[in-house]
Structure formats: structure tokens, C-alpha cells
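A quick write-up on the structure given underneath.
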Amino acid sequence: MKKIRRLIAVMLGMFIACSAGACKKTEPDHGPVEPEFTGNYIVKDGQSDYTILLSQTAQPAEVTAANELRDIIKKITGVSLEVLAENKLKDVDARGKFISIGDTALCRAQDFKAENLNTDGFLLKVVKNSLFIVGENQRGTLYGVYEFLEREAACKFLSPSYDYIPSLSEIKLRKLDVTEIPAFALRSDFYYPMSYDTKYTAKMRYLSQFGGMAADSIGGTQMTYWSDGGHSFYVYVPHTKYYAEHNDWFSGPDPVNSQPCFSNGLNDDGTLKEGDSFIRTLIEGVKKVILEKPMLTHIMLGQQDNDNVCRCENCTRQIAALGGQRSAQLVLVINAVAREIKAWMKAEGMDREMNFVTFSYWWSMNAPTKRDENGKIVAANEYVIPRDDVYIYFAPIGACYNHPINDTSCSKNVVDIYGQFENWRAITDRFYVWDYAANFNDYLSWYPNLPVLKQNLLYYREIGVAGVLTEGAITGQNYYQQDLISWLLSKLMWNPDQDVNALRAEYDRYYFGEKAGKIITEYTDFMNSYFETTSRTQSDSVLHAAIYTNHTPWLCSVETLNEKMLTKASDYVARAKQAVEGDESLNAAQKEQYLRNLEQVEVQVLYMMYRNYDAVFYTTAEARYEFMLKFFDMAQKLNVNALMENGKSLEELRADALDN
């Protein structure tokens, strides 16, 4: 009887659950439902009833957001919406027709809050007749405006040199209820335009690493919140100031090619020695920066960018005592700084968030770990476990980007990169990642990393990485693959689940036009496939792709950049040009723009020809001269700026090529 009762109860429960909607999945899922039309138009037939609303005390990025919304809508429709502060209006409520930007009183009166959105997230909400665009911070509000323009007004913000802005007679107001939360709180692409182009940076929803930009207008840069972004010990303890009197604080006399003596003033257990020392001076330098910059949340303590590490007797002994890895000293130093700074802040009554960051980079890649008696990875000792307020900035400079970071079949990554990352994970779960996305010896040559962008970000998200900075062409610009990668990363850092091939096709369609865009998508497919096949057929094992040609020469070898491949690449560009020129649906201005954009593809193909010209293409001195003239004319017209990191200028390279 009890079994029958239980069966009846189960069946009754299933019936109730299905009645309540829990069994809806009998019908196919057709994807997200598009928001309904409210019946209101933001713009229609040259007119608008809508006002862009700001708080009386709007922050700089909120003002930028309002002005960008007004200016871009005017470009789209010819209609300029008025931007007003709330105190300029007598009656402000959601029954009116407003686009509320940021933290307005009208927004605060609603039953939603822009909270817990991983720092830069935002909401797009329609209540009655009004649209609310509000971020967790002012930067998020600006990102929300660009999202609205892409989502509802068909804009596409694509590169430093080109935005797709359509011409429309109307913009409908739909019943939006959108919450956008980025996968990573810190997102940055260390690409040359990020050093000066504030609007491009904001449109890509990046946080620039550069403090010299017009930071307030876009809600700050990374340097608004971080004390420094990289190699920073000499920021706090300047070599040029202290070396003469305290040469024992440093590994050598050259401020460019030396490191601090990390054991100077620091006991093996992380406590401080008495008297003047590198560590005490470092702590005082950090205090000074905290007092000077009230918005700081992160103190970056990164090793200098060289391998001239200190090999003094005390450092050698201390490293051995800590388990043998030089990274152990960095953790010991940053733990000590964090401990002393937090004690000072508490004593001074400073109630501020403060985190501390150090690199795992180059000679500090190996985690300070060991295997215990059971074979488990553990900390080498208790002093090298990062504190809860300490982050490791993992920088896989030696990685292979022909394979995902966590590809265990890649002999390079499985030990040197993924293996070390997993070792660090055994002792901490707090990470940022400084990643890489270009061939720094040959910016414009094709780099076969497009297939791994998503996979790496998925891995970083899976293990809880707080933020990602990807270093690309830091001195070059305006060529197709870097612009494409920068755009793709801007999307994937926000949501790495997106379809990369679909995103690529979207980019090409809007950057080159419908017909030419399809051809360039085919070109990229060809290049990806060609390099993937080449990496498997030129060697007994699959070749790696480092970020420097001299580490993986096959990337730009005569065998790889051969005449047959480059002729086919040139044919794609020629076909795309013909598609633009023959497209009668395009007007003259559109054709001119798309042909200009195609030059950013062509200049890469020309560079790959230039790279091995004498070995592959050289026929006569006259033909060589004409080719070099064409390549450098195009590179300078596009303001490509540089062909490699820390190399000769375009003018110098041009003179070399044309004189030979």
C-alpha cells in the first residue's frame, strides 16, 4: 500500500510541476525572444519626443555617454536629442519620454539596481515610456550606451579607424530588459591605439593601461585604480636615486638591466630586518602612492623587464631556503608589503580596498611549489603562500599560441605554461593574466592564434581569473589582423562563449561590405587552415607559434611564406576589391571607404612578400624597386607606424629597401 501511495504522490507531483511550467521543454528552444515594440519611437521621420536625462551631478563618463548617444543618433537619423540635467526640468518620471543616463534620481526611484555586475556591467531597462542605461560604475554606463547603439541602432564599432554608422529614418523603443556582466572585471588589449584613442578604448569596453589618456571622460584608465601596470619596483625605489648610496640594494649599476636585491632587509620568514633597506624603502614608497591616489585599489609590484637577477650570497641562500624558486622571493616580498601596508592603513583609520599584485613572468614563471610524500603539489613552505589580498599576474611569455594554453598535447604549453599555472593554482586562486596576441618580430605577418583566443579565455574564466590584459602590437596599428583580434577580444573578454567564426563573419561584413566581406572571411579561413596544415607538415611534430619569430622561425620562413601561398592570398584581396567596385548597391563614398579598409588586408599580404622578397619574388632590380615603393607607400598611407617592436622606423626601413 505504501508503494502505491508513493507512486501516486510522485505522479501527482509530476502533474503539478508540468502544470506550473516545469515541463515546457517538450517544445524546441528557438533561442532568446526578441523584445516587443513599445509603440514609442526614439526617432521617427525626422522628429523625436525623447530627452536624454542626466543627473545634476553627473560624472564625466556619464556626460560622455549622453553626448555620444546624442551625436551618434544624429549621425544615424539627422535628429539631435536634447541633453538635460534633471534640475532643468519641472516634471521627471517614467511616464515621460526620457533616456536616463547613469545615476539619475529617476533611475534611483525604480525597483532595480545596477549592482553585482563585476565592476563594469550595466543594465538597459525600459519602464513605461523611458529607457534607463545605467552601469555599476560610470564606465559601465558608457559601455551601456555603446551596447544600446549596437543592439538597437545597428551601429558597429570596429576599429580605431572605422565605425559602421547606418542611415535610418527611425529608431524604435523596444521593451528592453538587458543585464550585461563581463566575464572578467579587468579587460585590456595592449595595442598601440589604446595609448591615445579614448573613444576607441571605450567603444571596445576596454580599460586602457595608459594613464596619459583623457581618462576622466571614459571613467578612468587602469592607472586610475592601479599604482602601475607592469615592471614597477623602481617606481617605488628608483635605481637612479638610491644606487650610489645603496648599491647592495640592486643586482647591478644599470637601471635598465638590473633587478632589486629582494633579500635586502627581509628575513626568510617575511619579517623585516632593522635599519634602512630595500624592503623598508619599498613600503614607504607604496604608502606615498596610496596617499597621493585616493582611487587606488591595486598596488602592482612587478619585476623589472630583464633577467639580470640578484645573485648575491644572501639571495642565493634565501632562495634555497624557500624551496629553490626565484618566484618564492617575489611572494615573500609582496606578502610582507601587504602585511605592513594593511597594518599601517588600519592604524591610520583608512577604510579602503587594497590589493597587491606581482608577476609570474620570465624567470619567475615557476611556482614556489613542491610535491609532498603523496605526490600532491603543495607550497614549498608556509611563507610562499600568497595572502588573500595578493594576486599573481601570470604572464606566459614563452607560450605556444598555435595551441590553447591548456592543451595537454602541446609539448610546450603542457609543462612550461599550463603546468606552471596549475602549480600556482595549488597555492592560490587569485590571478590576473598578461597574455599575448602578436608576433613581436613581425607584426604584419600572419599569426596563427585566431583559433585559440576563445579557448584560452574559457580556461581563464573556468579557473576564476579576475582580469585579462592581452599584449598585441604595442607600437604598430591599422592592419587587418590586429584590428580584428582587438575587436574579437573585446567581445570574448565580455563573453567567451560566443561563436568566433560568426563574430569574424560579422566583422568582415560590416568592415568590407556584404560581398567583399564574405571573400575576406574566406581569406582568413584560408590563412588559418594554411598555417594549421603547415605546422603539421613541416616537421615530425606539430610546430609551436611563439610570439617572437626567432623562437619559431617557421612562421616567416621562405618555405611558409612561399610564392604559391602569397599569390593565392593576393587573389583574395583582388577579388574583394572587384566585389566592392562592381557592387551597384554601394554609393561612391561607401566604395571608397571599403576599398580603404581593404588596404589594411593588402598591406599584410605585401608585408609577407616583403619579408622574403629577395628569396621568393626577386626578378629584376626595377621590379624590386616598384614593389618596395608600393609596400612602403601603402604602409605609410595607413600610418601602420611600425613593423616590429623596438625596430627601425618606417622611414629608415623604406630607405634601406629602396637603396638596395
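Going through the C-alpha cells in order, the chains are called A, B, and so on, while each chain numbers its residues from 1 and the ligands are numbered from 1 in the order shown.
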Checklist entry - Quick one: residues within 8 Å of range 57-65 of chain A, only C-alpha atoms counted, chain neighbours fewer than 5 positions away excluded, as a PyMOL selection string? => result chain A and resi 101-104+138-139+141-142+145+216-219
Output N, CA and C atoms for every residue in the selection just made, as a PDB file, in the first residue's frame.
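Heads up, here's the output in selection.pdb:
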```pdb
ATOM      1  N   ILE A 101      20.479  58.448 -18.324  1.00  0.00           N
ATOM      2  CA  ILE A 101      21.865  58.000 -18.419  1.00  0.00           C
ATOM      3  C   ILE A 101      22.513  58.035 -17.038  1.00  0.00           C
ATOM      4  N   GLY A 102      22.858  56.858 -16.530  1.00  0.00           N
ATOM      5  CA  GLY A 102      23.597  56.788 -15.279  1.00  0.00           C
ATOM      6  C   GLY A 102      22.746  56.965 -14.042  1.00  0.00           C
ATOM      7  N   ASP A 103      23.366  57.504 -13.026  1.00  0.00           N
ATOM      8  CA  ASP A 103      22.781  57.557 -11.683  1.00  0.00           C
ATOM      9  C   ASP A 103      21.894  58.787 -11.514  1.00  0.00           C
ATOM     10  N   THR A 104      20.760  58.790 -12.194  1.00  0.00           N
ATOM     11  CA  THR A 104      19.798  59.884 -12.046  1.00  0.00           C
ATOM     12  C   THR A 104      18.839  59.584 -10.898  1.00  0.00           C
ATOM     13  N   GLN A 138      30.443  54.506 -13.556  1.00  0.00           N
ATOM     14  CA  GLN A 138      30.213  55.428 -14.674  1.00  0.00           C
ATOM     15  C   GLN A 138      30.735  54.867 -15.991  1.00  0.00           C
ATOM     16  N   ARG A 139      31.818  54.090 -15.927  1.00  0.00           N
ATOM     17  CA  ARG A 139      32.360  53.469 -17.133  1.00  0.00           C
ATOM     18  C   ARG A 139      31.365  52.468 -17.704  1.00  0.00           C
ATOM     19  N   THR A 141      28.167  52.617 -17.482  1.00  0.00           N
ATOM     20  CA  THR A 141      27.094  53.382 -18.128  1.00  0.00           C
ATOM     21  C   THR A 141      27.477  53.742 -19.558  1.00  0.00           C
ATOM     22  N   LEU A 142      28.726  54.177 -19.752  1.00  0.00           N
ATOM     23  CA  LEU A 142      29.197  54.500 -21.100  1.00  0.00           C
ATOM     24  C   LEU A 142      29.176  53.264 -21.987  1.00  0.00           C
ATOM     25  N   VAL A 145      25.695  52.581 -23.234  1.00  0.00           N
ATOM     26  CA  VAL A 145      25.267  53.415 -24.360  1.00  0.00           C
ATOM     27  C   VAL A 145      25.743  52.817 -25.675  1.00  0.00           C
ATOM     28  N   ASP A 216      39.360  60.824 -17.495  1.00  0.00           N
ATOM     29  CA  ASP A 216      38.096  61.125 -16.823  1.00  0.00           C
ATOM     30  C   ASP A 216      36.903  60.963 -17.749  1.00  0.00           C
ATOM     31  N   SER A 217      37.088  61.293 -19.007  1.00  0.00           N
ATOM     32  CA  SER A 217      35.961  61.276 -19.943  1.00  0.00           C
ATOM     33  C   SER A 217      35.430  59.877 -20.208  1.00  0.00           C
ATOM     34  N   ILE A 218      36.238  58.848 -19.918  1.00  0.00           N
ATOM     35  CA  ILE A 218      35.793  57.462 -20.136  1.00  0.00           C
ATOM     36  C   ILE A 218      35.783  56.661 -18.837  1.00  0.00           C
ATOM     37  N   GLY A 219      35.774  57.363 -17.719  1.00  0.00           N
ATOM     38  CA  GLY A 219      35.680  56.670 -16.436  1.00  0.00           C
ATOM     39  C   GLY A 219      36.988  56.147 -15.915  1.00  0.00           C
TER      40      GLY A 219
END
```
Give me the residues near Ser80 in chain A as a compact mmCIF listing (two decimals) with all heavy atoms, in the first residue's frame, where near means some atom within 9 Å (using only C-alpha atoms) and where sequence neighbours in that chain fewer than 4 positions away do not count.
```
# COMPACT_ATOMS: atom_id res chain seq x y z
N GLN A 47 11.89 63.41 -36.35
CA GLN A 47 11.46 64.03 -35.09
C GLN A 47 11.68 63.09 -33.92
O GLN A 47 11.80 61.87 -34.09
CB GLN A 47 9.96 64.40 -35.16
CG GLN A 47 9.64 65.46 -36.19
CD GLN A 47 8.15 65.82 -36.18
OE1 GLN A 47 7.32 65.03 -35.75
NE2 GLN A 47 7.83 67.01 -36.66
N SER A 48 11.71 63.67 -32.72
CA SER A 48 11.83 62.87 -31.51
C SER A 48 11.14 63.58 -30.35
O SER A 48 11.23 64.81 -30.21
CB SER A 48 13.30 62.65 -31.14
OG SER A 48 13.40 61.92 -29.93
N ARG A 70 23.71 61.24 -28.09
CA ARG A 70 23.13 62.33 -28.91
C ARG A 70 23.82 62.42 -30.26
O ARG A 70 23.15 62.48 -31.32
CB ARG A 70 23.28 63.65 -28.15
CG ARG A 70 22.81 64.88 -28.93
CD ARG A 70 23.39 66.14 -28.31
NE ARG A 70 24.85 66.13 -28.36
CZ ARG A 70 25.62 66.85 -27.56
NH1 ARG A 70 25.09 67.63 -26.63
NH2 ARG A 70 26.94 66.79 -27.68
N ASP A 71 25.16 62.44 -30.28
CA ASP A 71 25.90 62.68 -31.52
C ASP A 71 25.75 61.53 -32.51
O ASP A 71 25.62 61.76 -33.72
CB ASP A 71 27.38 62.90 -31.20
CG ASP A 71 27.63 64.17 -30.38
OD1 ASP A 71 26.71 65.00 -30.28
OD2 ASP A 71 28.74 64.31 -29.84
N ILE A 72 25.77 60.30 -32.01
CA ILE A 72 25.68 59.17 -32.93
C ILE A 72 24.25 59.00 -33.45
O ILE A 72 24.05 58.68 -34.62
CB ILE A 72 26.21 57.89 -32.25
CG1 ILE A 72 27.71 58.04 -31.98
CG2 ILE A 72 25.98 56.66 -33.14
CD1 ILE A 72 28.34 56.90 -31.20
N ILE A 73 23.26 59.25 -32.60
CA ILE A 73 21.88 59.22 -33.10
C ILE A 73 21.68 60.28 -34.18
O ILE A 73 20.98 60.04 -35.17
CB ILE A 73 20.87 59.40 -31.94
CG1 ILE A 73 20.79 58.11 -31.11
CG2 ILE A 73 19.49 59.78 -32.46
CD1 ILE A 73 19.86 58.19 -29.92
N LYS A 74 22.32 61.43 -34.01
CA LYS A 74 22.21 62.47 -35.04
C LYS A 74 22.84 62.01 -36.35
O LYS A 74 22.30 62.24 -37.44
CB LYS A 74 22.86 63.77 -34.57
CG LYS A 74 22.67 64.91 -35.57
CD LYS A 74 23.22 66.23 -35.06
CE LYS A 74 22.98 67.33 -36.08
NZ LYS A 74 23.50 68.64 -35.64
N LYS A 75 23.99 61.31 -36.26
CA LYS A 75 24.63 60.78 -37.47
C LYS A 75 23.72 59.76 -38.16
O LYS A 75 23.67 59.69 -39.38
CB LYS A 75 25.96 60.12 -37.12
CG LYS A 75 27.06 61.09 -36.75
CD LYS A 75 28.34 60.33 -36.42
CE LYS A 75 29.46 61.26 -35.99
NZ LYS A 75 30.70 60.52 -35.63
```
Checklist entry - Could you name the residues that touch range 430-442 of chain A at 6 Å or less, counting only C-alpha atoms, but leaving out those on the same chain fewer than 4 positions away, as an NGL selection string? => result :A and (391-395 or 465-472 or 547-549 or 644-645)
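Among A:Glu373, A:Glu313, A:Asp120, A:Glu506, the residue with the shortest atom-to-atom distance to Ala154 in chain A, counting only C-alpha atoms, is A:Glu506.
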Next on the checklist: According to DSSP computed on the backbone, where in range 128-190 of chain A is there strand (DSSP E or B)? Give the residues as a list of chain:residue names.
Outcome noted: A:Ser130, A:Leu131, A:Phe132, A:Ile133, A:Val134, A:Gly135, A:Lys156, A:Phe157, A:Leu158, A:Ser159, A:Tyr162, A:Asp163, A:Tyr164, A:Glu170, A:Ile171, A:Lys172, A:Leu173, A:Arg174, A:Asp177, A:Val178, A:Thr179, A:Glu180, A:Leu186, A:Arg187, A:Ser188, A:Asp189, A:Phe190
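For the set A:Asp93, A:Glu532, A:Asp499, A:Glu522, the residue with the smallest atom-to-atom gap to Pro448 in chain A is A:Glu532, counting only C-alpha atoms.
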Item to check | Every residue of range 424-622 of chain A that DSSP places in helix (DSSP H, G or I), as number ranges by chain | outcome: A: 424-425, 450-462, 480-492, 500-512, 514-537, 553-556, 563-581, 588-611, 613-616, 621-622
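Proximity to Phe531 in chain A at 9 Å, evaluated using only C-alpha atoms and with sequence-adjacent residues fewer than 4 positions away removed, yields Asn402, Trp446, Tyr447, Pro448, Phe526, Met527, Ser535, Arg536, Leu555 and Thr560 of chain A.
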Fewer than 5 positions away in the same chain doesn't count, so skip those; otherwise give me all residues within 12 Å of range 619-633 of chain A, counting only C-alpha atoms, as a compact mmCIF listing (two decimals) with N, CA and C atoms, in the first residue's frame.
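Output contents, as saved in out-v8.txt:
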```txt
# COMPACT_ATOMS: atom_id res chain seq x y z
N LEU A 444 53.09 42.34 -38.99
CA LEU A 444 52.15 42.24 -40.11
C LEU A 444 52.11 40.86 -40.75
N GLU A 599 42.71 47.93 -47.89
CA GLU A 599 44.16 48.16 -47.89
C GLU A 599 44.81 47.62 -46.61
N GLN A 600 44.05 47.55 -45.54
CA GLN A 600 44.59 47.02 -44.28
C GLN A 600 44.81 45.51 -44.37
N GLU A 602 45.49 44.16 -47.54
CA GLU A 602 46.53 44.11 -48.58
C GLU A 602 47.91 44.41 -48.02
N VAL A 603 48.00 45.35 -47.08
CA VAL A 603 49.32 45.71 -46.57
C VAL A 603 49.97 44.54 -45.84
N GLN A 604 49.15 43.67 -45.24
CA GLN A 604 49.71 42.47 -44.60
C GLN A 604 50.25 41.49 -45.64
N VAL A 605 49.50 41.32 -46.73
CA VAL A 605 49.97 40.42 -47.79
C VAL A 605 51.27 40.97 -48.40
N LEU A 606 51.30 42.28 -48.63
CA LEU A 606 52.50 42.89 -49.17
C LEU A 606 53.67 42.74 -48.20
N TYR A 607 53.41 42.86 -46.91
CA TYR A 607 54.49 42.69 -45.93
C TYR A 607 55.06 41.27 -46.00
N MET A 608 54.19 40.28 -46.12
CA MET A 608 54.68 38.89 -46.18
C MET A 608 55.51 38.66 -47.43
N MET A 609 55.18 39.37 -48.52
CA MET A 609 56.02 39.31 -49.71
C MET A 609 57.35 40.02 -49.45
N TYR A 610 57.29 41.18 -48.83
CA TYR A 610 58.49 41.97 -48.50
C TYR A 610 59.43 41.19 -47.59
N ARG A 611 58.85 40.41 -46.67
CA ARG A 611 59.64 39.72 -45.64
C ARG A 611 60.70 38.82 -46.26
N ASN A 612 60.37 38.13 -47.37
CA ASN A 612 61.33 37.23 -48.04
C ASN A 612 61.44 37.55 -49.53
N TYR A 613 61.33 38.82 -49.86
CA TYR A 613 61.21 39.20 -51.27
C TYR A 613 62.40 38.71 -52.11
N ASP A 614 63.60 38.94 -51.60
CA ASP A 614 64.76 38.60 -52.41
C ASP A 614 64.88 37.09 -52.66
N LEU A 638 48.62 54.29 -44.56
CA LEU A 638 47.78 53.76 -43.49
C LEU A 638 48.29 54.14 -42.11
N ASN A 639 49.48 54.70 -42.03
CA ASN A 639 50.11 55.02 -40.75
C ASN A 639 50.23 53.76 -39.90
N VAL A 640 50.74 52.71 -40.53
CA VAL A 640 50.96 51.44 -39.82
C VAL A 640 51.90 51.64 -38.64
N ASN A 641 52.81 52.58 -38.76
CA ASN A 641 53.61 53.06 -37.62
C ASN A 641 54.86 52.24 -37.35
N ALA A 642 54.75 50.91 -37.32
CA ALA A 642 55.92 50.07 -37.03
C ALA A 642 55.68 48.67 -37.56
N LEU A 643 56.75 48.00 -37.96
CA LEU A 643 56.66 46.62 -38.46
C LEU A 643 57.06 45.61 -37.41
N SER A 649 62.32 52.69 -37.79
CA SER A 649 61.12 53.39 -38.24
C SER A 649 60.80 53.01 -39.68
N LEU A 650 59.58 53.28 -40.11
CA LEU A 650 59.21 53.00 -41.50
C LEU A 650 60.09 53.78 -42.47
N GLU A 651 60.43 55.01 -42.10
CA GLU A 651 61.27 55.83 -42.96
C GLU A 651 62.66 55.19 -43.15
N GLU A 652 63.22 54.66 -42.06
CA GLU A 652 64.53 54.02 -42.14
C GLU A 652 64.46 52.74 -42.96
N LEU A 653 63.40 51.94 -42.73
CA LEU A 653 63.25 50.69 -43.47
C LEU A 653 63.01 50.96 -44.94
N ARG A 654 62.24 52.00 -45.23
CA ARG A 654 61.98 52.37 -46.62
C ARG A 654 63.28 52.75 -47.32
N ALA A 655 64.10 53.55 -46.65
CA ALA A 655 65.37 53.97 -47.24
C ALA A 655 66.26 52.75 -47.50
N ASP A 656 66.30 51.82 -46.53
CA ASP A 656 67.10 50.61 -46.70
C ASP A 656 66.63 49.81 -47.91
N ALA A 657 65.30 49.65 -48.04
CA ALA A 657 64.74 48.81 -49.10
C ALA A 657 64.94 49.43 -50.48
N LEU A 658 64.80 50.76 -50.57
CA LEU A 658 64.87 51.40 -51.88
C LEU A 658 66.31 51.68 -52.31
N ASP A 659 67.22 51.70 -51.35
CA ASP A 659 68.63 51.93 -51.69
C ASP A 659 69.33 50.66 -52.15
N ASN A 660 68.80 49.49 -51.72
CA ASN A 660 69.45 48.22 -52.06
C ASN A 660 69.06 47.75 -53.47
```
